[in-house]
Every structure is written in C-alpha cells, then in structure tokens.
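Participant: The following block contains the structure, expressed as structure tokens.
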Amino acid sequence: MAELIGGLGTSHVPSIGVALDRGLRDTPDWKPFFDGYIPAQKWMADHKPDIAVVIFNDHGNAFFLDRVPTLAVGVADRYKPIDEGWGPRAVPDFEGASAFSWHFVDQLVENHFDPLVCREIDVDHGLQVPMELFFGRPDAWPVKIVPIFVNTIQYPIPTPQRMWDLGRVLRRSIESWLTDDRIVILGTGGLSHQLQGTRAGFLNREADRAWLDEIGPNPEKYRSMSREDYVETFGSEGAELIMWLVMRGAMDARVKTLHKHYFAPASMTGAGMIVLENEDAA
Amino acid sequence: MAELIGGLGTSHVPSIGVALDRGLRDTPDWKPFFDGYIPAQKWMADHKPDIAVVIFNDHGNAFFLDRVPTLAVGVADRYKPIDEGWGPRAVPDFEGASAFSWHFVDQLVENHFDPLVCREIDVDHGLQVPMELFFGRPDAWPVKIVPIFVNTIQYPIPTPQRMWDLGRVLRRSIESWLTDDRIVILGTGGLSHQLQGTRAGFLNREADRAWLDEIGPNPEKYRSMSREDYVETFGSEGAELIMWLVMRGAMDARVKTLHKHYFAPASMTGAGMIVLENEDAA
Amino acid sequence: MSDQIPETPLFVRSHGDIGYPLNKMAMSLCQAENREAFKADEEAFLDRYGLSADQKRAVMDRDWEAMVRLGGNLFFILKISAIDPVPITAIGAAQAGMSHDDFVYGRLGKVRHG
Amino acid sequence: MSDQIPETPLFVRSHGDIGYPLNKMAMSLCQAENREAFKADEEAFLDRYGLSADQKRAVMDRDWEAMVRLGGNLFFILKISAIDPVPITAIGAAQAGMSHDDFVYGRLGKVRHG
Ligand SMILES: [Fe+3]
Ligand SMILES: [Fe+3]
C-alpha cells in the first residue's frame with residue numbers, strides 16, 4: 001500500500017513568492033525566514049515523495065463568490081499557475097496525481113463528504129508558495145500533486161472538526177491506495193494574521209509559537225476550538241490554520257516534530273513551518 | 001418557528017414540460033398522466049406554502065463536467081430557466097427564499113456538509129417541471145424556492161444514507177427558522193428509467209409501485225440500499241430516486257400518504273408522484 | 001462503484017476522460033450562437049473541440065450508440081439531438097438496437113392511441 | 001457565526017451582498033485585457049459593474065478602508081492594488097488608520113535593516 005511519509009505545515013503568504021521572484025531571498029529582510037526552511041527542504045529531498053497532497057484556500061482566483069465550494073478536490077493531470085492580477089507567476093506547471101485524486105474522491109463521497117470535483121482548475125499562491133518553500137524552483141516539480149481547496153473566505157467556513165475528519169478520510173484513502181506511492185501531506189495557510197478591519201495587522205506570536213509546539217503532540221485542543229476562537233486568537237485570516245488540521249488528522253495520534261520554524265512578520269503574517277513524522281514510521 | 005407542511009415526490013421528466021409547452025396536456029397520450037396530479041395541485045393550493053425546497057439534479061446545464069458539485073445550494077434572490085439546447089422555456093423566473101437558503105447553508109456547514117454555495121445559478125427542467133406539475137403555469141410563482149442540486153450524473157454519486165442525513169439537516173434548519181414561513185419540500189427525479197447502454201428503455205413498474213407504497217411508511221430499506229442496488233432496480237438514471245430521500249428524511253418517522261399516482265411510460269420513464277404529511281401535523 | 005451491472009454503462013472516471021471533448025462540445029450547444037455555428041458548418045465546429053476521429057464520425061452520423069460508447073454522457077449528447085431535432089426515444093432505441101416502434105411499444109410498453 | 005469579534009469584520013452574507021458588484025469588478029482584473037481597460041478608462045470600467053456611488057468613489061480614491069467597509073473582500077480588492085501597484089501593507093495601514101511606518105514597524109513589529 002501507499003506510504004504516508006510525513007506531514008508538513010507551512011504559511012503560503014504571497015509575498016514569499018514575490019520575494020523569490022525578485023531575488024530577495026538572501027536580503028536581510030528575508031534571509032532569516034528562508035533559512036529556517038532549509039531543514040525541511042533537506043527532509044523533502046531525502047524522503048523523495050511521489051505525491052504531495054496540498055491543502056490550501058483559493059484566494060478569489062479559481063473561484064469567485066458566485067459559486068463558493070466549501071471543499072473542492074482537483075482530479076486533473078495538470079494544473080497551471082493562475083493570473084491573480086499580476087500575471088501568472090513563472091513557476092512550472094504542476095502535474096496532477098489524477099489516479100490517486102479519483103480514488104480519494106471515491107473515498108470522500110463514500111464517507112459522506114460532498115466535494116466539488118475539478119477536472120479543470122488552476123492553482124494560486126496558496127499552493128505554489130508551499131511547493132517553492134519545500135521543493136525550491138526546479139525546472140519540473142519532482143512530485144505529482146493533489147490539490148484540496150478549502151473555503152476560508154466566505155462565511156460559513158468549515159469547522160475545525162470537519163477538517164480533522166477530512167484528514168481521517170485522506171488517511172484511509174492512502175491506506176487503501178494499493179501502489180508504492182510515497183505520499184506527503186502539506187497543510188498550508190496561517191499563521192496568525194488579520195488583513196481586514198481596524199484590527200488589520202494583528203499578529204499573535206505567542207499563540208503561533210504554541211501552535212507550532214503543540215500541533216504535533218496535543219492537537220485535540222485545536223480540533224475542538226470553535227471558528228470564532230480561531231478568529232479571535234489568530235485573526236480573521238489566521239482562521240485558515242484549520243487547514244493544517246487536515247494534515248494533522250491524517251497522521252497518527254503520536255507523531256514526532258522533526259523541525260519547526262517561526263518568523264514574524266512575513267508581510268502581514270506570522271509565518272512558519274513544521275515537519276512531522278508518524279512516531280512508528282519505519 | 002417555520003412549519004414543514006408536507007413533503008412531495010415527483011418525476012421531473014423533461015418531456016412533461018414539452019407536453020405542456022405544446023398544449024398536449026389533454027391528449028390521450030398525456031391526459032391520464034396529468035389528471036393524476038390534480039389532487040396534489042389541490043393540496044398545494046389549499047396548503048399555501050411560502051417556500052418550496054426543491055431537491056433535483058442539474059442535467060448538464062448549470063454545471064459541466066469540469067467542476068461537478070456533489071451538493072450545491074442556491075442562495076439567490078432569483079433563478080431563471082436555463083437554455084438546455086432548445087432555448088430557455090417560457091416559464092416565469094423563480095424568486096429565491098434567500099434568507100432561508102443562507103440559514104440552511106449555515107446549518108449545513110455546521111453539521112458537516114460541504115455545499116457549493118451558489119449566488120448566481122439558473123435552473124433546468126429538474127426544478128421547472130415539478131413546479132409546473134404542482135403549481136400549474138401561473139404568471140408568477142406563488143412561492144419562493146430553495147434549489148438543492150445533487151450530482152447524480154458523474155460517479156461517484158452520493159449515497160442514499162447521505163441524502164437521508166441531508167434531509168435531517170434540512171428538518172433542523174426548518175425548526176430553527178424563526179419565522180411563520182410555511183415550507184414544503186419537493187423531492188424529485190425518477191422513477192425507474194435507464195437512458196444509456198443496451199438496457200436503455202428499462203422500466204421496473206413493480207419496483208416503482210412499491211416505492212410509492214413504501215416510501216411513506218417504510219423508508220428504511222430505501223435508505224440502506226446501496227447505489228448499485230438502485231441502479232440495478234431502478235435503472236442507471238433511476239438512481240436519482242435517492243433525492244426523494246432528502247424529502248423523506250426531513251419528514252417525521254410517521255407520515256400519512258395522502259395521494260399517490262403512477263403512470264408509465266412518460267417518455268422513457270416510470271413517472272409518478274406522492275404527497276406526504278407528518279402524521280402529527282395539526 | 002463497480003461498473004458491472006449488465007448492459008448498464010455508468011459514467012465513471014474512464015468514460016468521463018474519454019468522452020470529455022465530446023461532452024464539452026455538446027455542452028456548448030446550450031448557447032444559441034454555438035447552435036448556429038454547428039448548423040452552419042458542423043465539421044468545423046467539431047474540430048474546435050478536439051474530438052477523436054471516431055467521436056467526430058459518431059456525431060456527424062448521429063450514431064447515438066457509438067456516441068455513448070465513446071464516452072458521451074446522455075445528458076450532453078441530448079443537446080446534439082436538439083439540433084435536428086431527434087426525440088430521446090430514438091436515442092434509446094439506437095442503444096437498445098431496436099426499431100423505434102419496437103422500443104416504444106414493446107420495451108417501454110407505451111399504449112397506442114387512436 | 002456571530003459577527004462580534006472587535007474590530008474584525010467577517011465576510012458574512014450581508015457583506016457579500018453589498019460588496020458583490022465591487023468584488024466582481026475586482027475579480028475581473030485577473031484578466032489582462034480587463035486590467036488594460038481599467039487603466040485606459042477607470043470610470044467607464046467601473047460603470048460596467050453596477051457599483052454603488054460610494055463604492056465607485058472608494059475605488060477611484062483608492063480608499064481601502066472604505067472599500068472594505070462597503071463590502072469589498074480583501075482578496076478581491078487586492079487585485080485593484082495590483083494595478084498601480086500598492087503594497088498590501090498600505091491597505092492594512094489604511095484600515096488600521098495608521099501611517100505606513102507605524103503600521104509596519106509598530107503594529108507588525110518588523111525589524112528595520114540597515
Ligand atoms: Fe490563504
Ligand atoms: Fe433528473
């Protein structure tokens with residue numbers, strides 16, 4: 001059967017991608033941020049996944065407000081970087097793990113999820129930036145992807161528990177995928193930020209560091225927080241942290257936190273990442 | 001609180017609408033079919049709902065295969081009849097019960113459903129025909145609508161149990177809707193038909209009559225049938241009968257079957273309808 | 001979802017993959033301007049959509065059985081039938097391999113009037 | 001979902017209803033030809049989308065605080081900021097009612113370099 005080799009969490013702030021595009025990676029403003037990802041890049045290069053399942057939110061690019069999917073899954077063979085208003089970014093197209101995507105969709109519907117199944121869709125910085133942070137900027141990506149789009153823009157957004165349960169179905173899908181595929185899961189978004197209202201610029205460094213410390217060993221409290229709790233603690237846009245719960249829910253109850261990194265502010269966000277492995281992993 | 005005044009089930013065969021458009025209602029081919037709906041029309045006129053929640057499947061009109069929603073809910077103020085290839089039909093636009101729609105969407109997401117939330121969408125014969133069968137062809141519809149779109153076209157389609165659970169959330173949404181609205185639920189589609197493959201033209205009159213007899217008093221067996229069972233029993237396109245389970249799941253455990261009617265074939269379908277009231281209804 | 005009920009194709013992933021260009025072309029016929037373009041030059045219209053040679057021939061021949069076999073989903077190919085137009089029972093009869101009368105009055109059991 | 005966390009507008013139904021024309025216009029700026037049309041004649045471009053007078057003025061004034069207050073969702077109005085362009089931190093500062101420096105080095109706590 002397929003192997004879940006690890007779960008990573010990371011911010012997907014668009015300014016990170018812009019910094020890479022403009023060659024600012026080693027400037028004093030950005031170097032401490034990017035350097036913190038080096039251990040994760042090494043982990044990824046050593047562990048050689050075949051498939052990266054990436055959970056992120058579309059930021060008003062692939063979807064408009066006319067029809068907002070609570071949950072969407074890509075089943076395509078190919079995903080292009082989308083024009084978000086600045087022209088499409090010069091990153092390579094992503095190859096889709098379409099067979100596994102369809103298997104996952106079957107499992108989702110059988111397990112009472114209601115996905116929007118997307119054969120044609122493009123991907124924004126929410127997926128591009130995590131891929132660049134962990135895989136660099138290769139000529140071609142060394143993995144195929146399965147994009148999972150979660151609505152975190154228009155209320156009602158899904159509950160943290162729902163995200164956890166989605167992770168459990170993802171885990172079952174991996175376990176019932178009868179191939180040698182090595183699969184890594186990227187939960188993305190956050191950490192704390194608020195972009196709207198007079199509290200714009202809100203950051204909660206303390207809560208962010210606690211998240212990075214606790215999401216591995218003690219995720220239950222994050223699963224049982226309400227959506228309002230997330231907004232209050234992490235800021236209105238920080239509520240997208242619920243997407244890391246998909247990754248964490250797919251992992252074992254007991255995990256090892258191999259690497260973590262925090263840097264604030266990256267643009268208007270508390271940014272960072274984590275690398276988790278199942279404790280009983282070979 | 002709002003009142004669930006009843007649940008109706010009906011076919012939504014497009015030829016029914018065409019027959020009305022062409023003035024064929026009283027021809028020998030069609031008269032027995034349409035006459036059977038008269039008691040339901042009288043029921044509807046007597047019971048005066050404010051809102052009709054209509055569960056149906058889009059037939060490749062509002063949605064294409066590029067992005068197939070397992071479950072979509074309309075939240076618009078207005079829905080127009082869509083061009084399905086013959087030009088839009090000359091039925092009046094539908095006014096949307098948008099406030100109740102949004103309340104229902106909140107309840108859905110809180111109760112772990114993952115709807116596609118549609119502010120802009122048009123409706124095909126799947127909704128138009130049931131409305132015409134029960135309300136006639138007025139200058140303006142006497143109710144507002146909430147359209148619920150279920151994918152029954154591309155596998156995987158939802159499970160019967162999922163449809164029942166959707167009905168339970170719809171019921172809770174009605175009970176928590178603090179207005180005087182009188183709400184009727186229309187489950188639509190079916191009955192037996194198969195439009196594809198060498199078994200095209202398949203009908204199962206016996207199973208259809210049993211469905212109409214049993215969906216009121218003994219729905220459990222239909223809830224626990226598999227999707228394969230539906231296809232085998234009712235034909236591949238007859239599997240859309242699962243949508244009646246949304247209506248039935250929203251009703252009480254004990255219901256009265258006030259009217260039922262069956263007529264086959266209407267085009268290539270076993271057609272018919274049912275009118276149910278909660279047994280303890282005032 | 002097993003695809004094994006006799007004589008009953010289900011619209012599973014493989015059918016959708018193969019039929020995608022055909023279904024997309026058919027969907028476009030929901031717009032009046034596309035119907036006009038189709039009627040004006042059918043082959044050129046089909047060529048815009050990347051149908052396979054077999055799919056193109058099936059459409060131009062109005063071979064409904066072949067269209068379904070080649071991944072066409074009934075609800076989309078119905079929009080092709082709107083062009084001529086052709087009744088849905090003819091599409092059913094073609095797939096069942098029966099004459100229209102046998103299909104309607106035999107298999108469907110429709111009662112003849114007057 | 002109660003809309004009652006201080007200083008924190010949530011993009012609930014009412015915001016979406018009011019802001020719909022503004023957000024739809026902003027979304028259209030994802031296409032290069034629309035960006036060109038916007039730059040060529042901004043007022044005419046806005047008039048295509050049925051913005052309220054207040055929304056139109058807010059966009060033409062690049063009044064980010066007003067745009068959000070009038071139902072604009074940040075991710076859509078960000079595409080308006082791509083036109084000039086304007087950094088996202090300026091949008092944040094405008095909403096917080098602070099100077100850009102106070103916002104970035106004060107509220108966000110960014111460290112000044114060299
Ligand atoms: Fe995001
Ligand atoms: Fe249908």
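Labels for the structure tokens follow display order: chains A, B, ..., residues from 1 in each chain, ligands from 1.
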Please return, as a short mmCIF file (atom, residue, chain, number, x, y, z; two decimals) with N, CA, C and O atoms, in the first residue's frame, all residues of chain D lying within 7 Å of chain A when only C-alpha atoms are considered.
Facilitator:
```cif
data_model
loop_
_atom_site.label_atom_id
_atom_site.label_comp_id
_atom_site.auth_asym_id
_atom_site.auth_seq_id
_atom_site.Cartn_x
_atom_site.Cartn_y
_atom_site.Cartn_z
N ILE D 5 -16.48 39.85 16.96
CA ILE D 5 -15.14 40.00 17.50
C ILE D 5 -14.69 41.42 17.18
O ILE D 5 -14.78 41.86 16.02
N GLU D 7 -13.38 44.87 16.08
CA GLU D 7 -12.53 45.39 15.00
C GLU D 7 -12.28 44.35 13.91
O GLU D 7 -11.29 44.44 13.18
N THR D 8 -13.18 43.40 13.83
CA THR D 8 -12.94 42.26 12.94
C THR D 8 -14.18 41.97 12.10
O THR D 8 -15.08 41.24 12.53
N PRO D 9 -14.25 42.56 10.91
CA PRO D 9 -15.39 42.24 10.05
C PRO D 9 -15.22 40.83 9.48
O PRO D 9 -14.12 40.48 9.05
N PHE D 11 -16.57 38.06 6.60
CA PHE D 11 -17.22 38.14 5.29
C PHE D 11 -18.47 37.27 5.29
O PHE D 11 -18.52 36.20 4.69
N VAL D 12 -19.48 37.78 5.98
CA VAL D 12 -20.75 37.09 6.10
C VAL D 12 -21.68 37.52 4.98
O VAL D 12 -21.35 38.39 4.16
N LEU D 29 -10.22 41.78 -12.82
CA LEU D 29 -8.85 42.27 -13.05
C LEU D 29 -7.83 41.14 -13.08
O LEU D 29 -6.64 41.37 -13.29
N CYS D 30 -8.28 39.89 -12.86
CA CYS D 30 -7.40 38.74 -13.04
C CYS D 30 -7.11 38.52 -14.52
O CYS D 30 -6.21 37.75 -14.87
N GLN D 31 -7.88 39.14 -15.39
CA GLN D 31 -7.62 39.00 -16.82
C GLN D 31 -6.92 40.24 -17.35
O GLN D 31 -7.35 41.37 -17.12
N LEU D 74 -11.05 41.58 1.02
CA LEU D 74 -9.64 41.91 0.83
C LEU D 74 -9.02 41.17 -0.35
O LEU D 74 -8.26 41.77 -1.13
N PHE D 75 -9.32 39.89 -0.52
CA PHE D 75 -8.65 39.12 -1.58
C PHE D 75 -9.04 39.61 -2.96
O PHE D 75 -8.29 39.46 -3.91
N PHE D 76 -10.21 40.19 -3.09
CA PHE D 76 -10.60 40.75 -4.37
C PHE D 76 -10.05 42.15 -4.54
O PHE D 76 -9.49 42.48 -5.59
N LYS D 79 -6.64 42.83 -5.96
CA LYS D 79 -6.37 42.85 -7.40
C LYS D 79 -6.44 44.29 -7.94
O LYS D 79 -5.85 44.59 -8.97
N ALA D 82 -3.08 45.72 -7.38
CA ALA D 82 -2.07 45.27 -8.35
C ALA D 82 -1.93 46.24 -9.51
O ALA D 82 -0.92 46.24 -10.21
N THR D 89 0.63 46.08 2.64
CA THR D 89 0.78 46.73 3.95
C THR D 89 0.15 48.12 3.95
O THR D 89 -0.29 48.60 5.00
N GLY D 92 -3.39 47.53 4.72
CA GLY D 92 -3.55 47.27 6.15
C GLY D 92 -3.47 48.55 6.96
O GLY D 92 -4.29 48.79 7.86
N GLN D 95 -6.60 50.63 6.80
CA GLN D 95 -7.71 50.12 7.62
C GLN D 95 -7.45 50.34 9.09
O GLN D 95 -8.37 50.61 9.88
N ALA D 96 -6.18 50.22 9.49
CA ALA D 96 -5.84 50.41 10.90
C ALA D 96 -5.83 51.89 11.26
O ALA D 96 -5.75 52.24 12.44
N ARG D 107 2.89 48.21 14.68
CA ARG D 107 1.92 47.14 14.87
C ARG D 107 2.45 45.77 14.44
O ARG D 107 2.29 44.77 15.15
N LEU D 108 3.05 45.69 13.27
CA LEU D 108 3.55 44.38 12.80
C LEU D 108 4.87 44.01 13.47
O LEU D 108 5.24 42.84 13.52
N GLY D 109 5.59 45.01 13.94
CA GLY D 109 6.83 44.71 14.65
C GLY D 109 7.95 44.28 13.73
O GLY D 109 8.85 43.53 14.14
N LYS D 110 7.94 44.79 12.50
CA LYS D 110 9.03 44.43 11.59
C LYS D 110 10.31 45.10 12.06
O LYS D 110 10.30 46.23 12.53
N HIS D 113 16.15 47.14 8.85
CA HIS D 113 17.51 46.71 8.48
C HIS D 113 18.24 47.86 7.80
O HIS D 113 17.66 48.59 7.01
#
```
Participant: Using only C-alpha atoms, I'd like every residue of chain B that has an atom within 12 Å of chain A; please write them out as a VMD selection string.
Facilitator: chain B and resid 62 to 76 102 to 122 149 to 151 154 to 166 226 to 227
Participant: Step by step, measure atom-to-atom distances between ligand 2 and each residue using only C-alpha atoms and all ligand atoms, keep those at most 6 Å, then write them as a PyMOL selection string.
Facilitator: chain B and resi 57+126+189
Participant: Generate a file of the selected residues that holds N, CA, C and O atoms, formatted as a CSV table (one decimal), in the first residue's frame.
Facilitator:
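Written out: result_21.csv:
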```csv
chain,number,residue,atom,x,y,z
B,57,ASN,N,-31.6,17.2,-9.7
B,57,ASN,CA,-30.3,17.1,-10.3
B,57,ASN,C,-30.2,18.0,-11.5
B,57,ASN,O,-31.1,18.0,-12.3
B,126,GLY,N,-35.3,20.0,-14.2
B,126,GLY,CA,-35.4,19.2,-13.0
B,126,GLY,C,-36.1,19.9,-11.9
B,126,GLY,O,-36.8,19.3,-11.0
B,189,GLY,N,-37.3,13.6,-9.3
B,189,GLY,CA,-36.5,12.6,-10.1
B,189,GLY,C,-37.1,11.3,-10.2
B,189,GLY,O,-38.1,11.0,-9.5
```
Participant: List every residue of chain D that DSSP, applied to the backbone of this structure, places in helix (DSSP H, G or I), and write the result as a ChimeraX atom specification.
Facilitator: /D:13-28,32-40,42-47,53-60,64-69,74-81,88-96,100-107
Participant: In Å, how far is it from atom CA of B:Glu132 to atom CA of B:Ile5?
Facilitator: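 Separation between atom CA of B:Glu132 and atom CA of B:Ile5: 19.1 Å.
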Participant: If we count only C-alpha atoms and set the cut-off at 7 Å, which residues sit around A:Val54, ignoring sequence neighbours fewer than 4 positions away in its own chain? Please answer as a VMD selection string.
Facilitator: chain A and resid 127 146 to 148 185 to 187
Participant: Please produce a file of the residues just selected, as a compact mmCIF listing (two decimals), in the first residue's frame, where the atoms kept are all heavy atoms.
Facilitator:
```
# COMPACT_ATOMS: atom_id res chain seq x y z
N LEU A 127 -1.00 27.27 -3.17
CA LEU A 127 -0.33 26.01 -3.44
C LEU A 127 1.09 26.24 -3.92
O LEU A 127 2.03 25.52 -3.53
CB LEU A 127 -1.12 25.19 -4.48
CG LEU A 127 -0.54 23.80 -4.79
CD1 LEU A 127 -1.63 22.75 -4.90
CD2 LEU A 127 0.30 23.82 -6.05
N VAL A 146 -1.98 16.57 -5.48
CA VAL A 146 -3.43 16.53 -5.33
C VAL A 146 -3.82 17.80 -4.59
O VAL A 146 -3.50 17.95 -3.41
CB VAL A 146 -3.91 15.31 -4.51
CG1 VAL A 146 -5.42 15.40 -4.26
CG2 VAL A 146 -3.55 14.01 -5.22
N PRO A 147 -4.45 18.76 -5.27
CA PRO A 147 -4.85 19.99 -4.57
C PRO A 147 -6.21 19.82 -3.89
O PRO A 147 -7.16 19.32 -4.50
CB PRO A 147 -4.95 21.02 -5.70
CG PRO A 147 -5.22 20.22 -6.93
CD PRO A 147 -4.73 18.82 -6.70
N ILE A 148 -6.28 20.19 -2.64
CA ILE A 148 -7.54 20.23 -1.89
C ILE A 148 -7.80 21.68 -1.54
O ILE A 148 -6.99 22.31 -0.85
CB ILE A 148 -7.47 19.39 -0.60
CG1 ILE A 148 -7.16 17.92 -0.93
CG2 ILE A 148 -8.77 19.51 0.19
CD1 ILE A 148 -6.98 17.05 0.33
N ILE A 185 1.84 15.07 2.94
CA ILE A 185 0.69 15.96 3.05
C ILE A 185 1.17 17.33 3.50
O ILE A 185 1.92 17.45 4.48
CB ILE A 185 -0.35 15.43 4.04
CG1 ILE A 185 -0.81 14.01 3.63
CG2 ILE A 185 -1.56 16.37 4.12
CD1 ILE A 185 -1.74 13.35 4.65
N LEU A 186 0.77 18.36 2.78
CA LEU A 186 1.11 19.73 3.15
C LEU A 186 -0.16 20.47 3.59
O LEU A 186 -1.02 20.76 2.76
CB LEU A 186 1.73 20.48 1.97
CG LEU A 186 2.88 19.86 1.19
CD1 LEU A 186 3.51 20.89 0.25
CD2 LEU A 186 3.94 19.27 2.09
N GLY A 187 -0.24 20.77 4.88
CA GLY A 187 -1.30 21.65 5.36
C GLY A 187 -0.77 23.07 5.31
O GLY A 187 0.33 23.34 5.76
```
